[in-house]
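Worksheet: the structure to be examined is printed underneath.
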Amino acid sequence: MFTPHTPQEIEDMLNAIGVGSIEELFVKVPEKHRFPELNLPEPLTEMEIAAELKEIASANASTDEFISFLGAGAYDHYIPAAVDMLLRRGEFYTAYTPYQPEISQGTLQAIFEFQSLMSELTGMDVSNASHYDGATAAAEAANLAYHFFRGKRKKVILSRAVNPQYRQTIRTYMQGLEEVEVLGDNTDKGKDVYSEEFLSLIDNDTAIVIVQYPDFFGRVIDYTKLVNIVHEQGALIAFVFNPTALGLLKPPGEFGADIAVGDGQPLGIPLSYGGPYLGIFTTKEKYVRKLAGRLVGETVDESANRAYVLTLTAREQHIRREKSTSNICTNQGLMALAATIYLSLLGKNGFKQVANLCYQKAHYAAEKISALDGYEVVFKDTPFFHEFVVQTPKPVGQINLHLQNHWILGGFNLSEDYPEMENQMLVAVTEKITKEDIDEFVEALQEDTND
Amino acid sequence: MTEKTIYELSQPGRVGVTFPEPDVPLTPSPMGFEREHLNLPELSELDVIRHFTNLSKLNYSINSGFYPLGSCTMKYNPKINEEAARMPGLANTHPFQPIVSVQGNLYIMYQLQEWLQEISGFHRVCLTPAAGAQGELVGALIIKNYHQKNNDTKRVKILIPDSAHGTNPATSSMSGFNVVPLQSDERGNVDIQALKSECDETLAGLMLTNPNTLGLFDENVEEVIQLVHSAGGLVYGDGANLNALLGIVRPGDLGFDVMHFNLHKTFSTPHGGGGPGSGPVGVAEHLNDYLPGPIVTIIEEGDEESPPFFGFYWPEKTVGRMKAFYGHFGMLIRAYTYIAMHGGKGLRNIAEMAVLNANYLKSQIKEDYTLPYDRTCMHEFVVEGSWDKVPAVHALDISKRLMDYGFHPPTNYFPLIVHEALMIEPTETESKQTLDAFAKAMKSIAKEARENPDLLHGAPFTTPIRRCDEVKAARDLVLCCWIPD
């Protein structure tokens, strides 16, 4: 269908090769398994598949029709039209990794600008060209720390307020490292990084401590003291951050974080049912040679023009082979481009506006909800950004079913990952939500309570 | 030809996209956390459009020309796939929506699992891995967990042929294995004697790329797999070259235990300038329980009136979660669309035309370039990019000169077992006319190498920039552009 060969051309090509038929090209394939009959549906034309997909999509409820208060690691922000217009340029999306700088300056400069924006956003020295998503970026942070200490420090300590799926991913990645112990997040106490139980874990066998900012419950915690405690033990500390929050809040670099990782999905990338997203990885200059993933650096060409190339490739898997610390090769090129375009469009002013809108609307929602009978904002003495935890009078699943009838997607059901948080809902509010939407949400909650 | 950076274009006070003023009563910022300094660029929407449009023009791409980058399968990316992934009903769904509200998504994922199983001959497929390298990591972790669950803890060794993909060794060591390289024989197959001598009780598995990076189908593949199995090891298939096998042979039928797919190669989801990829993993029945999750399944069978109800499950002995959520869903939609448009016969046609194109192109340039393994190839082949008579010319020079002829160069210096390797993968979507034009350019470059080697050393001449000082880039590390105070 996408093959251009005419019967005459096929014949001419077979003659040039010196074989009598296409089948002859495959004689080395074991005969009894050669040319299996594949049991697949009859092929559809473009017109038919377009119609079919439309019908499949109609079996979904999307955030176009529903007001969504879901967050927990993926956020429904407004994406300016220009982002996708530019992403659709075939020169970007049908190119591959820029191995040949002479004909890849577009991709290379865009990644270089991405790295620059991420360094500025996080207050860190350097950023790489990206990882698969926030979860794998967090796993690579633990990986970096383990290798930085040459495997001599065995403890990876996680706050229980780090995204549960990120913690699971970190554990998967740690399986291959000898004698690593991942701990800190197994008991309720792990939600408070200043609890004695959590602090007592940090010692000179600790490679890294990983916290989230704002944390999974939306809380904005002052990690200044924790950073000092971790550094006193000679260990590293990584922040998992939400990029939108950094439009309003002091960045991880100013707390003294060694590594700051996050998911860049809020920066102009559609929800797309969980992917593809964008893993951001930033760190201090002194760790740059331990950094996994691609890096773009500035240089000059033979005519002294400014130019960009993939650099420090000697760290990477295709050169160091089994001695490299990670096997990552692709980054999330197109998603990093989306974030770069998004931040360029919003700029200093627009990005701060978005962060502030999220903050203001979330606080209005929290206030309204806490005024309802039977509802209460948990952690109410701790500042939060655009997500907060609500104690509900009924199981969250039940409430969300009711909300669906009002074309509302309720918040994330925390008891799914935190058995100790029964009847607790994590509510996220972005700039797309209006005051009216919030009032409707509160009204629907009220109505459900009265039922 | 250089383009200013977004910071150089920035003008203090200029505004791009703006948002409405808050419609709710205001809350003061949290004390002690206020951000004092955030220096993002200030551009108009037109500044941004022009900047990125200008940047795009500095790129070579499949849309603009022939891209025979070996092992990357740079085939045409159908445009309907892009429309499909952007359908609002699919693209605007949140990963934590109740499953009842995303049955369309789950249907696509379930079908794709089933189809990939049918195409590959594996028993079960998990769609979550984010890219080929992550799929490989899954494979290695499955092998590790399998032996551990069987209390077979002596098995610490992974064999990797020297014709395998470059990521394999890093993947193995990341999973805690010792890597033992395995040499190829003079026909480019796994050396059977070398393999036999490594088949002992410490053998965890073999990572086999077939067709390998020489573009050759291993002539003893069944024996190789048999030997590893007899020694108690598992065989991992690197599915990066699956494009050559669609409808030709199913890796599962050959006895592979686990394999990753590269949806961005075989099933034409775009490469995106280096990602996002997508690397689902398939396993034989005895490894079903080890797959990562979550995996889509039918929770309630359908009937004539209503469709089946889909949900997720986690395999019992799972190696764990590979990333947040369920994989690169946007890529899965594209692959679903691509397979739906091909059907069984269409997929076989892809492999046949890919292999026809590679063999044809090989026949057109083999007079001028040394073929280290001159036998029928699959979807790609490797030539030497140098000649004894002109020792100063290297594969890199040929690659750079190809740009002046309007082509993207092949993969350089890989596989490592071929001197000055040029690895050429034309893919099935290229026409005979394009292949002829490329062969003509290759011949012409061979002539230039003999007559005027300096011309090749200076190339490229017609690209937006000339050769770059890569040493300077690494020495004077600049990873961030100038940002005004």
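The way I read the labels, and the way they are meant: chains A, B, ... in the order of the structure tokens, residue 1 as the first residue of every chain, and ligand 1 as the first ligand shown, with later ones counted on from there.
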Give me every alpha helix (DSSP H) residue in segment 227-374 of chain A, going by DSSP on the backbone, as an NGL selection string. :A and (227-232 or 252-255 or 317-320 or 333-370)
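Contact shell of Met423 of chain B at 9 Å (only C-alpha atoms; same-chain neighbours under 6 positions omitted): Pro68, Leu69, Gly70, Ser71, Thr213, Leu214, Gly215, Glu380, Phe381, Val382, Val383, Glu384, Pro410, Thr411, Asn412, Tyr413, Phe414 and Pro415 of chain B.
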Can you pull out every residue within 10 Å of Glu232 of chain A, counting only C-alpha atoms, but drop anything in the same chain fewer than 6 positions away, and send it as a PyMOL selection string? chain A and resi 202-204+226
Write a file of the selected residues as a tab-separated table (two decimals), in the first residue's frame, keeping N, CA and C atoms.
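This went into result27.tsv:
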chain	number	residue	atom	x	y	z
A	202	ILE	N	18.73	7.91	56.94
A	202	ILE	CA	19.77	8.58	56.14
A	202	ILE	C	21.11	8.46	56.85
A	203	ASP	N	22.03	7.74	56.24
A	203	ASP	CA	23.34	7.52	56.86
A	203	ASP	C	24.42	7.47	55.79
A	204	ASN	N	25.61	7.06	56.18
A	204	ASN	CA	26.71	7.08	55.21
A	204	ASN	C	26.70	5.88	54.25
A	226	LEU	N	16.29	19.25	55.08
A	226	LEU	CA	16.52	17.88	54.62
A	226	LEU	C	17.76	17.81	53.71
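Of the residues listed (A:Val126, A:Ala50, A:Ala339, A:Leu121), A:Ala50 shows the shortest atom-to-atom separation from Lys79 of chain B; distances use only C-alpha atoms.
Omitting segment 331-338 of chain A and its sequence neighbours fewer than 4 positions away, and counting only C-alpha atoms, the residues within 6 Å are A:Ser130, A:His131, A:Tyr132, A:Gly268, A:Leu278, B:Gly272, B:Gly273, B:Gly274, B:Gly275, B:Pro276.
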Work out how far atom CA of Val283 of chain B is from atom CA of Ala335 of chain B, in Å to one decimal. 19.2 Å
Using only C-alpha atoms for the distances, tell me which of A:Glu113, A:Asp188, A:Glu42, A:Asp215 is nearest to Lys345 of chain B.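 Of A:Glu113, A:Asp188, A:Glu42, A:Asp215, the one nearest Lys345 of chain B, counting only C-alpha atoms, is A:Glu42.
Using only C-alpha atoms, the smallest distance between any of B:Ile333, B:Met207, B:Val100, B:Val418 and Asn400 of chain A comes from B:Val100.
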Applying 9 Å and only C-alpha atoms, which residues near Thr382 of chain A remain after dropping the ones on its own chain fewer than 6 positions away? List them as a PyMOL selection string. chain A and resi 219-221
Secondary structure check, strand (DSSP E) residues of segment 260-423 of chain A, as an MDAnalysis selection string: chainID A and resid 260:263 279:283 296:300 306:310 376:377 387:391 408:409 412:413
Preceding selection exported with C-alpha atoms as a PDB file, in the first residue's frame:
ATOM      1  CA  ALA A 260      15.950  17.524  39.677  1.00  0.00           C
ATOM      2  CA  VAL A 261      13.734  15.299  37.551  1.00  0.00           C
ATOM      3  CA  GLY A 262      10.156  15.578  36.452  1.00  0.00           C
ATOM      4  CA  ASP A 263       7.595  14.896  33.810  1.00  0.00           C
ATOM      5  CA  GLY A 279      11.248  12.840  31.241  1.00  0.00           C
ATOM      6  CA  ILE A 280      13.219  15.873  32.370  1.00  0.00           C
ATOM      7  CA  PHE A 281      16.617  15.286  33.948  1.00  0.00           C
ATOM      8  CA  THR A 282      18.717  18.137  35.323  1.00  0.00           C
ATOM      9  CA  THR A 283      21.703  18.081  37.635  1.00  0.00           C
ATOM     10  CA  VAL A 296      23.676  18.524  22.863  1.00  0.00           C
ATOM     11  CA  GLY A 297      26.614  20.914  23.050  1.00  0.00           C
ATOM     12  CA  GLU A 298      27.581  24.059  21.203  1.00  0.00           C
ATOM     13  CA  THR A 299      30.610  24.167  18.942  1.00  0.00           C
ATOM     14  CA  VAL A 300      31.669  25.617  15.579  1.00  0.00           C
ATOM     15  CA  ARG A 306      28.026  28.355  15.461  1.00  0.00           C
ATOM     16  CA  ALA A 307      26.816  24.752  15.375  1.00  0.00           C
ATOM     17  CA  TYR A 308      25.402  22.092  17.669  1.00  0.00           C
ATOM     18  CA  VAL A 309      26.377  18.429  18.040  1.00  0.00           C
ATOM     19  CA  LEU A 310      25.637  15.439  20.244  1.00  0.00           C
ATOM     20  CA  GLU A 376     -12.362  18.186  54.817  1.00  0.00           C
ATOM     21  CA  VAL A 377      -9.036  19.215  53.321  1.00  0.00           C
ATOM     22  CA  GLU A 387      -3.449  19.606  43.994  1.00  0.00           C
ATOM     23  CA  PHE A 388      -4.812  18.809  47.428  1.00  0.00           C
ATOM     24  CA  VAL A 389      -6.212  15.870  49.381  1.00  0.00           C
ATOM     25  CA  VAL A 390      -9.848  15.804  50.447  1.00  0.00           C
ATOM     26  CA  GLN A 391     -11.353  13.522  53.070  1.00  0.00           C
ATOM     27  CA  ILE A 408     -17.353  15.589  35.818  1.00  0.00           C
ATOM     28  CA  LEU A 409     -14.260  13.424  36.241  1.00  0.00           C
ATOM     29  CA  PHE A 412      -7.751  10.450  41.955  1.00  0.00           C
ATOM     30  CA  ASN A 413      -8.752   7.738  44.424  1.00  0.00           C
TER      31      ASN A 413
END
For Glu21 of chain B: contacts at 10 Å, only C-alpha atoms, fewer than 3 positions along chain excluded, given as a list in words: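 With the cut-off at 10 Å, the set is Gln353, Val354, Asn356 and Leu357 of chain A; Thr18 and Val24 of chain B.
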Export, as a short mmCIF file (atom, residue, chain, number, x, y, z; two decimals), in the first residue's frame, the selected residues with C-alpha atoms.
data_model
loop_
_atom_site.label_atom_id
_atom_site.label_comp_id
_atom_site.auth_asym_id
_atom_site.auth_seq_id
_atom_site.Cartn_x
_atom_site.Cartn_y
_atom_site.Cartn_z
CA GLN A 353 0.17 33.38 34.55
CA VAL A 354 -0.60 29.68 34.10
CA ASN A 356 -0.73 31.46 39.21
CA LEU A 357 -4.10 30.50 37.70
CA THR B 18 -1.74 35.11 27.27
CA VAL B 24 -11.72 33.49 41.67
#
Quick one: of A:Leu158, A:Ala61, A:Val27, A:Met118, who's nearest to chain B, counting only C-alpha atoms?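 So, comparing all the options, the nearest one is A:Ala61.
Taking atom CA of Val429 of chain A and atom CA of Pro22 of chain B as the two end points, the separation is 12.9 Å.
When atom CA of Ala428 of chain A is paired with atom CA of Tyr75 of chain A, their separation reads 7.9 Å.
Proximity of A:Phe239, A:Phe92, A:Phe217, A:Tyr375 to chain B, computed with only C-alpha atoms, is greatest for A:Phe92.
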Selected residue of minimal separation from Arg171 of chain A among B:Asn178, B:Asp485, B:Leu291, B:Val319, counting only C-alpha atoms: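 The closest residue to Arg171 of chain A is B:Val319.
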